[in-house]
file protein.pdb (PDB, C-alpha atoms)
ATOM      1  CA  MET A  19      47.152 195.698  81.048
ATOM      2  CA  ASN A  20      47.551 194.675  77.414
ATOM      3  CA  GLY A  21      49.581 197.713  76.509
ATOM      4  CA  PRO A  22      53.062 197.831  75.128
ATOM      5  CA  ILE A  23      54.619 198.036  78.586
ATOM      6  CA  PHE A  24      52.930 194.844  79.753
ATOM      7  CA  ARG A  25      53.814 193.038  76.568
ATOM      8  CA  GLY A  26      57.477 194.065  77.031
ATOM      9  CA  ILE A  27      57.564 192.880  80.639
ATOM     10  CA  ARG A  28      55.994 189.560  79.638
ATOM     11  CA  ALA A  29      58.532 189.054  76.819
ATOM     12  CA  GLY A  30      61.390 189.870  79.198
ATOM     13  CA  LEU A  31      60.157 187.355  81.775
ATOM     14  CA  PHE A  32      59.788 184.670  79.088
ATOM     15  CA  ALA A  33      63.332 185.330  77.834
ATOM     16  CA  LEU A  34      64.622 185.188  81.412
ATOM     17  CA  LEU A  35      62.933 181.823  81.966
ATOM     18  CA  LEU A  36      64.439 180.467  78.736
ATOM     19  CA  ALA A  37      67.890 181.651  79.740
ATOM     20  CA  SER A  38      67.558 180.123  83.244
ATOM     21  CA  GLY A  39      66.493 176.759  81.764
ATOM     22  CA  ALA A  40      69.407 176.766  79.346
ATOM     23  CA  ALA A  41      71.859 177.617  82.126
ATOM     24  CA  ALA A  42      70.485 174.821  84.335
ATOM     25  CA  GLN A  43      70.797 172.313  81.511
ATOM     26  CA  ALA A  44      74.377 173.422  80.838
ATOM     27  CA  ALA A  45      75.266 173.167  84.504
ATOM     28  CA  THR A  46      73.763 169.683  84.692
ATOM     29  CA  ALA A  47      75.689 168.589  81.588
ATOM     30  CA  ASP A  48      78.933 170.025  82.949
ATOM     31  CA  ALA A  49      78.463 168.260  86.268
ATOM     32  CA  ALA A  50      77.750 164.995  84.511
ATOM     33  CA  GLY A  51      80.839 165.445  82.344
ATOM     34  CA  GLU A  52      83.030 166.180  85.340
ATOM     35  CA  THR A  53      81.717 163.096  87.141
ATOM     36  CA  ALA A  54      82.327 160.864  84.126
ATOM     37  CA  THR A  55      85.803 162.331  83.666
ATOM     38  CA  SER A  56      86.584 161.869  87.347
ATOM     39  CA  ASP A  57      85.341 158.287  87.290
ATOM     40  CA  ALA A  58      87.301 157.517  84.138
ATOM     41  CA  ALA A  59      90.476 158.957  85.647
ATOM     42  CA  GLN A  60      90.248 156.724  88.688
ATOM     43  CA  PRO A  61      92.069 153.370  88.427
ATOM     44  CA  PRO A  62      89.984 150.235  88.987
ATOM     45  CA  GLU A  63      89.677 149.339  92.642
ATOM     46  CA  ALA A  64      92.419 146.943  93.720
ATOM     47  CA  GLY A  65      91.244 143.571  94.998
ATOM     48  CA  PRO A  66      92.545 141.935  98.146
ATOM     49  CA  PRO A  67      96.215 140.815  97.929
ATOM     50  CA  ASP A  68      95.309 137.125  98.289
ATOM     51  CA  ALA A  69      93.029 137.384  95.246
ATOM     52  CA  GLN A  70      95.763 138.839  93.040
ATOM     53  CA  ALA A  71      98.667 136.459  93.907
ATOM     54  CA  PRO A  72      98.529 132.661  94.183
ATOM     55  CA  ALA A  73      98.776 131.256  97.685
ATOM     56  CA  LYS A  74     102.327 130.543  98.756
ATOM     57  CA  LYS A  75     103.081 126.845  99.080
ATOM     58  CA  LYS A  76     103.837 125.805 102.650
ATOM     59  CA  TRP A  77     106.226 123.237 104.037
ATOM     60  CA  GLU A  78     104.848 120.379 106.094
ATOM     61  CA  PHE A  79     107.087 118.579 108.583
ATOM     62  CA  ALA A  80     106.499 115.298 110.386
ATOM     63  CA  THR A  81     108.410 112.937 112.660
ATOM     64  CA  ILE A  82     107.899 109.173 112.796
ATOM     65  CA  GLY A  83     108.914 107.267 115.873
ATOM     66  CA  TYR A  84     108.858 103.511 115.445
ATOM     67  CA  ILE A  85     109.759 100.190 117.052
ATOM     68  CA  PHE A  86     111.029  97.388 114.827
ATOM     69  CA  PHE A  87     110.509  93.974 116.489
ATOM     70  CA  ALA A  88     113.025  92.269 114.246
ATOM     71  CA  GLY A  89     114.751  88.959 114.246
ATOM     72  CA  ALA A  90     118.048  88.564 112.380
ATOM     73  CA  HIS A  91     118.987  85.764 110.004
ATOM     74  CA  GLY A  92     122.023  85.333 107.786
ATOM     75  CA  LYS A  93     125.817  85.159 107.967
ATOM     76  CA  THR A  94     128.606  87.481 108.967
ATOM     77  CA  THR A  95     132.397  87.164 108.921
ATOM     78  CA  PRO A  96     134.734  89.689 110.585
ATOM     79  CA  ARG A  97     137.556  88.952 108.138
ATOM     80  CA  ASP A  98     139.497  86.151 106.535
ATOM     81  CA  PRO A  99     140.455  83.488 107.562
ATOM     82  CA  PHE A 100     137.762  83.356 110.273
ATOM     83  CA  ALA A 101     134.801  81.101 109.715
ATOM     84  CA  PRO A 102     131.416  82.692 108.955
ATOM     85  CA  VAL A 103     129.011  83.065 111.875
ATOM     86  CA  THR A 104     125.479  81.964 111.085
ATOM     87  CA  LEU A 105     122.847  84.179 112.690
ATOM     88  CA  ASP A 106     119.533  82.629 113.640
ATOM     89  CA  LEU A 107     118.039  85.143 116.060
ATOM     90  CA  SER A 108     114.337  85.335 116.736
ATOM     91  CA  PHE A 109     112.984  88.577 118.147
ATOM     92  CA  HIS A 110     112.981  86.904 121.565
ATOM     93  CA  ASP A 111     116.714  86.239 121.145
ATOM     94  CA  VAL A 112     117.280  89.811 119.978
ATOM     95  CA  LEU A 113     115.401  91.116 123.005
ATOM     96  CA  LYS A 114     117.627  89.046 125.299
ATOM     97  CA  ALA A 115     120.710  90.384 123.505
ATOM     98  CA  PHE A 116     119.411  93.939 123.410
ATOM     99  CA  LYS A 117     121.643  96.668 124.856
ATOM    100  CA  PHE A 118     120.489  99.895 123.220
ATOM    101  CA  ALA A 119     118.637 101.093 120.128
ATOM    102  CA  PHE A 120     117.372 104.255 118.524
ATOM    103  CA  MET A 121     114.880 104.281 115.662
ATOM    104  CA  GLY A 122     113.199 107.259 114.080
ATOM    105  CA  ALA A 123     112.340 108.976 110.826
ATOM    106  CA  ALA A 124     111.430 112.447 109.580
ATOM    107  CA  GLU A 125     109.603 113.809 106.564
ATOM    108  CA  ALA A 126     109.390 117.209 104.863
ATOM    109  CA  ARG A 127     107.052 118.064 102.000
ATOM    110  CA  ASN A 128     106.275 121.122  99.916
ATOM    111  CA  ASP A 129     103.561 120.519  97.334
ATOM    112  CA  ARG A 130     105.011 117.671  95.214
ATOM    113  CA  LEU A 131     108.540 117.762  96.641
ATOM    114  CA  VAL A 132     109.121 115.045  99.244
ATOM    115  CA  PHE A 133     112.116 114.406 101.520
ATOM    116  CA  LEU A 134     112.521 111.434 103.860
ATOM    117  CA  GLY A 135     115.150 110.574 106.451
ATOM    118  CA  ASP A 136     115.504 107.445 108.589
ATOM    119  CA  LEU A 137     117.917 106.475 111.368
ATOM    120  CA  MET A 138     118.250 103.024 112.925
ATOM    121  CA  TRP A 139     121.028 102.259 115.426
ATOM    122  CA  VAL A 140     121.073  98.946 117.322
ATOM    123  CA  HIS A 141     123.553  97.481 119.795
ATOM    124  CA  LEU A 142     123.334  93.734 120.457
ATOM    125  CA  GLY A 143     125.614  91.419 122.362
ATOM    126  CA  GLU A 144     124.769  87.748 122.945
ATOM    127  CA  SER A 145     125.690  84.217 121.959
ATOM    128  CA  GLN A 146     122.112  82.933 121.990
ATOM    129  CA  GLY A 147     120.994  81.945 118.501
ATOM    130  CA  LEU A 148     124.463  82.073 116.945
ATOM    131  CA  LYS A 149     125.716  78.992 115.130
ATOM    132  CA  ILE A 150     129.126  78.332 113.641
ATOM    133  CA  ARG A 151     129.552  76.439 110.391
ATOM    134  CA  ASP A 152     132.483  74.311 111.678
ATOM    135  CA  VAL A 153     131.308  71.797 114.320
ATOM    136  CA  ASN A 154     134.757  71.878 115.946
ATOM    137  CA  PHE A 155     133.866  75.293 117.370
ATOM    138  CA  ALA A 156     131.818  74.950 120.539
ATOM    139  CA  ASP A 157     130.738  78.503 121.224
ATOM    140  CA  VAL A 158     130.609  81.860 119.476
ATOM    141  CA  LYS A 159     129.778  85.206 121.033
ATOM    142  CA  ILE A 160     129.263  88.370 119.028
ATOM    143  CA  ASP A 161     128.887  91.997 120.074
ATOM    144  CA  SER A 162     127.419  94.029 117.221
ATOM    145  CA  LYS A 163     126.598  97.689 116.601
ATOM    146  CA  THR A 164     124.760  98.397 113.365
ATOM    147  CA  THR A 165     123.816 101.751 111.870
ATOM    148  CA  ALA A 166     121.617 102.610 108.892
ATOM    149  CA  ILE A 167     121.024 106.273 107.996
ATOM    150  CA  THR A 168     118.842 106.835 104.929
ATOM    151  CA  ALA A 169     118.301 110.176 103.155
ATOM    152  CA  LEU A 170     115.920 110.439 100.195
ATOM    153  CA  GLY A 171     114.434 113.178  98.073
ATOM    154  CA  GLY A 172     111.855 112.909  95.335
ATOM    155  CA  TYR A 173     108.662 113.882  93.588
ATOM    156  CA  ARG A 174     105.015 113.072  94.227
ATOM    157  CA  LEU A 175     103.890 111.538  90.936
ATOM    158  CA  ALA A 176     100.239 111.110  91.926
ATOM    159  CA  ASN A 177      98.959 114.023  94.001
ATOM    160  CA  LYS A 178      95.320 114.670  93.152
ATOM    161  CA  GLY A 179      93.567 111.341  93.481
ATOM    162  CA  PRO A 180      92.854 109.315  96.602
ATOM    163  CA  VAL A 181      96.048 107.278  96.054
ATOM    164  CA  VAL A 182      99.381 109.075  96.602
ATOM    165  CA  VAL A 183     102.567 107.835  94.874
ATOM    166  CA  ASP A 184     106.070 109.140  95.681
ATOM    167  CA  LEU A 185     109.211 108.321  93.701
ATOM    168  CA  MET A 186     112.524 109.048  95.476
ATOM    169  CA  ALA A 187     116.269 108.540  95.252
ATOM    170  CA  GLY A 188     119.166 109.062  97.619
ATOM    171  CA  GLY A 189     121.572 107.041  99.701
ATOM    172  CA  ARG A 190     122.046 104.983 102.836
ATOM    173  CA  LEU A 191     125.046 105.182 105.134
ATOM    174  CA  ASN A 192     125.703 101.769 106.694
ATOM    175  CA  GLY A 193     127.942 101.092 109.636
ATOM    176  CA  ASN A 194     128.817  97.761 111.245
ATOM    177  CA  LYS A 195     131.089  97.333 114.209
ATOM    178  CA  GLN A 196     131.419  93.848 115.642
ATOM    179  CA  ARG A 197     133.572  91.739 117.904
ATOM    180  CA  VAL A 198     133.413  87.978 117.528
ATOM    181  CA  ASP A 199     134.796  85.590 120.145
ATOM    182  CA  TYR A 200     135.433  81.988 119.068
ATOM    183  CA  HIS A 201     135.728  79.593 122.036
ATOM    184  CA  GLY A 202     136.208  75.857 121.484
ATOM    185  CA  THR A 203     138.441  72.865 122.015
ATOM    186  CA  LEU A 204     140.639  73.665 119.035
ATOM    187  CA  ILE A 205     140.571  77.462 119.007
ATOM    188  CA  ASP A 206     140.174  80.361 121.400
ATOM    189  CA  VAL A 207     140.474  83.608 119.488
ATOM    190  CA  SER A 208     138.737  86.938 118.989
ATOM    191  CA  ALA A 209     138.336  89.165 115.952
ATOM    192  CA  SER A 210     136.921  92.665 115.589
ATOM    193  CA  VAL A 211     136.043  94.847 112.628
ATOM    194  CA  SER A 212     134.520  98.262 111.944
ATOM    195  CA  LYS A 213     133.175  99.049 108.474
ATOM    196  CA  THR A 214     131.296 101.943 106.907
ATOM    197  CA  TRP A 215     129.898 102.117 103.388
ATOM    198  CA  ILE A 216     127.318 104.016 101.350
ATOM    199  CA  ASP A 217     124.633 102.536  99.114
ATOM    200  CA  PRO A 218     122.793 104.463  96.387
ATOM    201  CA  ILE A 219     119.051 103.930  96.844
ATOM    202  CA  VAL A 220     115.890 104.294  94.748
ATOM    203  CA  ALA A 221     112.562 104.090  96.545
ATOM    204  CA  THR A 222     108.827 104.381  96.130
ATOM    205  CA  ARG A 223     105.974 104.945  98.554
ATOM    206  CA  ILE A 224     102.251 104.425  98.027
ATOM    207  CA  ILE A 225      99.566 105.714 100.403
ATOM    208  CA  ALA A 226      95.963 104.664  99.867
ATOM    209  CA  PRO A 227      92.780 105.306 101.875
ATOM    210  CA  LEU A 228      90.861 102.402 103.380
ATOM    211  CA  GLY A 229      87.812 104.380 104.444
ATOM    212  CA  GLY A 230      87.154 106.679 107.367
ATOM    213  CA  LYS A 231      90.266 107.281 109.438
ATOM    214  CA  PHE A 232      92.049 104.210 108.084
ATOM    215  CA  SER A 233      94.701 104.049 105.370
ATOM    216  CA  THR A 234      97.545 101.837 104.213
ATOM    217  CA  THR A 235     101.158 102.604 103.298
ATOM    218  CA  PHE A 236     103.567 100.565 101.173
ATOM    219  CA  TYR A 237     107.232 101.540 101.062
ATOM    220  CA  GLY A 238     110.062  99.820  99.218
ATOM    221  CA  ASP A 239     113.649 100.618  98.292
ATOM    222  CA  ILE A 240     116.512  98.860  96.559
ATOM    223  CA  GLY A 241     120.155  99.822  96.181
ATOM    224  CA  GLY A 242     123.812  98.991  96.479
ATOM    225  CA  PHE A 243     124.210  97.699  92.918
ATOM    226  CA  GLY A 244     127.806  96.733  93.680
ATOM    227  CA  ILE A 245     128.801 100.320  94.486
ATOM    228  CA  GLY A 246     128.426  99.702  98.220
ATOM    229  CA  SER A 247     126.549  96.547  99.035
ATOM    230  CA  LYS A 248     126.171  93.900  96.392
ATOM    231  CA  LEU A 249     122.466  94.389  96.990
ATOM    232  CA  THR A 250     120.289  95.884  99.700
ATOM    233  CA  TRP A 251     116.531  96.214  99.776
ATOM    234  CA  GLN A 252     113.635  96.596 102.152
ATOM    235  CA  GLY A 253     109.869  96.577 102.171
ATOM    236  CA  VAL A 254     107.446  98.021 104.710
ATOM    237  CA  ALA A 255     103.665  97.598 104.743
ATOM    238  CA  THR A 256     101.492  99.221 107.418
ATOM    239  CA  ALA A 257      97.839  99.816 108.198
ATOM    240  CA  ASN A 258      97.286 103.268 109.659
ATOM    241  CA  TYR A 259      94.725 104.898 111.949
ATOM    242  CA  GLN A 260      94.465 108.701 112.134
ATOM    243  CA  ILE A 261      94.087 109.560 115.821
ATOM    244  CA  ASN A 262      93.586 113.273 115.103
ATOM    245  CA  HIS A 263      94.649 115.839 112.502
ATOM    246  CA  LYS A 264      98.262 115.663 113.701
ATOM    247  CA  MET A 265      98.895 112.075 114.842
ATOM    248  CA  THR A 266      98.646 108.768 112.948
ATOM    249  CA  LEU A 267      99.295 105.319 114.407
ATOM    250  CA  GLY A 268     100.659 102.563 112.157
ATOM    251  CA  ALA A 269     101.204  98.819 112.511
ATOM    252  CA  GLY A 270     102.627  96.384 109.993
ATOM    253  CA  TRP A 271     105.665  94.387 108.855
ATOM    254  CA  ARG A 272     109.188  95.327 107.777
ATOM    255  CA  TYR A 273     111.859  93.312 105.945
ATOM    256  CA  PHE A 274     115.370  94.760 105.624
ATOM    257  CA  LYS A 275     118.191  92.937 103.817
ATOM    258  CA  ILE A 276     121.879  93.828 103.345
ATOM    259  CA  ASN A 277     124.415  91.761 101.403
ATOM    260  CA  TYR A 278     127.863  93.374 101.661
ATOM    261  CA  ARG A 279     131.404  92.079 101.392
ATOM    262  CA  ASP A 280     134.796  93.647 100.836
ATOM    263  CA  ASN A 281     138.300  92.614  99.784
ATOM    264  CA  ASP A 282     139.437  92.105 103.402
ATOM    265  CA  GLY A 283     137.085  89.192 103.826
ATOM    266  CA  PHE A 284     134.436  91.062 105.820
ATOM    267  CA  LYS A 285     130.988  89.742 104.963
ATOM    268  CA  TYR A 286     127.597  90.872 106.190
ATOM    269  CA  ASP A 287     124.714  89.042 104.563
ATOM    270  CA  VAL A 288     121.873  89.530 107.042
ATOM    271  CA  ALA A 289     118.113  90.026 106.834
ATOM    272  CA  GLN A 290     116.021  91.586 109.587
ATOM    273  CA  SER A 291     112.280  91.046 109.591
ATOM    274  CA  GLY A 292     109.411  91.450 111.998
ATOM    275  CA  PRO A 293     106.461  93.587 113.098
ATOM    276  CA  ILE A 294     106.753  97.366 113.209
ATOM    277  CA  LEU A 295     104.776  99.969 115.162
ATOM    278  CA  SER A 296     104.948 103.671 114.279
ATOM    279  CA  LEU A 297     103.558 107.005 115.405
ATOM    280  CA  ARG A 298     103.602 109.880 112.908
ATOM    281  CA  THR A 299     103.243 113.447 114.195
ATOM    282  CA  VAL A 300     102.747 116.476 111.955
ATOM    283  CA  PHE A 301     104.072 119.873 113.043
TER     284      PHE A 301
END
call {"tool": "encode", "arguments": {"input": "protein.pdb", "output": "C-alpha cells"}}
result
Amino acid sequence: MNGPIFRGIRAGLFALLLASGAAAQAATADAAGETATSDAAQPPEAGPPDAQAPAKKKWEFATIGYIFFAGAHGKTTPRDPFAPVTLDLSFHDVLKAFKFAFMGAAEARNDRLVFLGDLMWVHLGESQGLKIRDVNFADVKIDSKTTAITALGGYRLANKGPVVVDLMAGGRLNGNKQRVDYHGTLIDVSASVSKTWIDPIVATRIIAPLGGKFSTTFYGDIGGFGIGSKLTWQGVATANYQINHKMTLGAGWRYFKINYRDNDGFKYDVAQSGPILSLRTVF
C-alpha cells in the first residue's frame, strides 16, 4: 500500500483538507466582516423620548377663598363742601352693617413665572360707629360699596431653597360708591358719589416652612404714588397648615390702607384691619 497510487491518493486527500480549511476560514472571515459592516451601518438605538427632550414645564392653578374680619377706621368725604365723616367701625359694627361681600383670589404659576389676582367687594350700610367732625350734626348714615380688584405678575427670585420669594408688579382697580345722609338740627341733606381709579402696585411674597405640614406666608404691596391714590399699601401674614396635597388652611392678620382724594373734594382715607382665614385649593 506504499506504492505510487497510494501516495498520490494520500497527497490528494491532504490537499483537499487544506483547501477545505482555507475555505472555512474565508467563509468565517466574510461572515464576520458582513456582521461588522451591518452593525456599523445601523444607527445607534434611539432612547425613550422623555430621555432626549427636557420635561415640559406645567402650569399650576390655585384658588384662595378667604374671609377678612375687618374693622374700618379713617375719614371719608363725598365731595366739597360736606364735612368729613370719621369712621370708627369695629368688626362687630361692620358685621351689624353688613349687607353683602365677596372675597377671593386666584394664582397661576409656571416654573418661576407667578400671577396673582384678588377680588374684594363689600357692601355696608349703617350709622353705628360713624362720627361727624362738627358737633352740630347729630346723626350721619352712610351706605358704602367698595371694590378692590388686584392683578399682579412677577418672577420667583428664590426657587430652590426652603424659602420662596416672589417679586411682582401690576395694578389695583378701586371703586367706591357711597351715599351719606346728614341729619341734625341745623342740616338735613344727602350726598352721593361714585368713583373709580387705578393704582400701580409693586408687591412681594415670602413663603417659609415651619416644619412638618406647617408654613408661614408674608405678603406686602405698596402703590398709588400719586398716580391714583396718594398712597395705598397692605400687609398680610398667615400661618398655614397643609390639609392634604391639594388644600391648605391659613389664618393670620391683614391690614389694608387707601388714601385717595380728587379735585372734586372726594376723600377716602380709610384703613381696614383684622383677622383673615383662607383656604387654598390646587387644581
call {"tool": "closest_residue", "arguments": {"input": "protein.pdb", "among": "A:Thr95, A:Asn194, A:Ser208, A:Thr203", "to": "Lys163 in chain A", "atoms": "all atoms listed in the file"}}
result
A:Asn194
call {"tool": "atom_distance", "arguments": {"input": "protein.pdb", "atom1": "CA of Met138 in chain A", "atom2": "CA of Ser233 in chain A"}}
result
24.8 Å
call {"tool": "residues_around", "arguments": {"input": "protein.pdb", "residues": "Ser291 in chain A", "least_positions_apart": "3", "cutoff": "9 Å", "atoms": "all atoms listed in the file", "output": "PyMOL selection string"}}
result
chain A and resi 86-91+109+271-275
call {"tool": "closest_residue", "arguments": {"input": "protein.pdb", "among": "A:Ser210, A:Thr164, A:Gln290, A:Asn262", "to": "Phe120 in chain A", "atoms": "all atoms listed in the file"}}
result
A:Thr164
call {"tool": "residues_around", "arguments": {"input": "protein.pdb", "residues": "Gln196 in chain A", "least_positions_apart": "4", "cutoff": "6 Å", "atoms": "all atoms listed in the file", "output": "list of chain:residue names"}}
result
A:Asp161, A:Ser162, A:Ser210, A:Val211
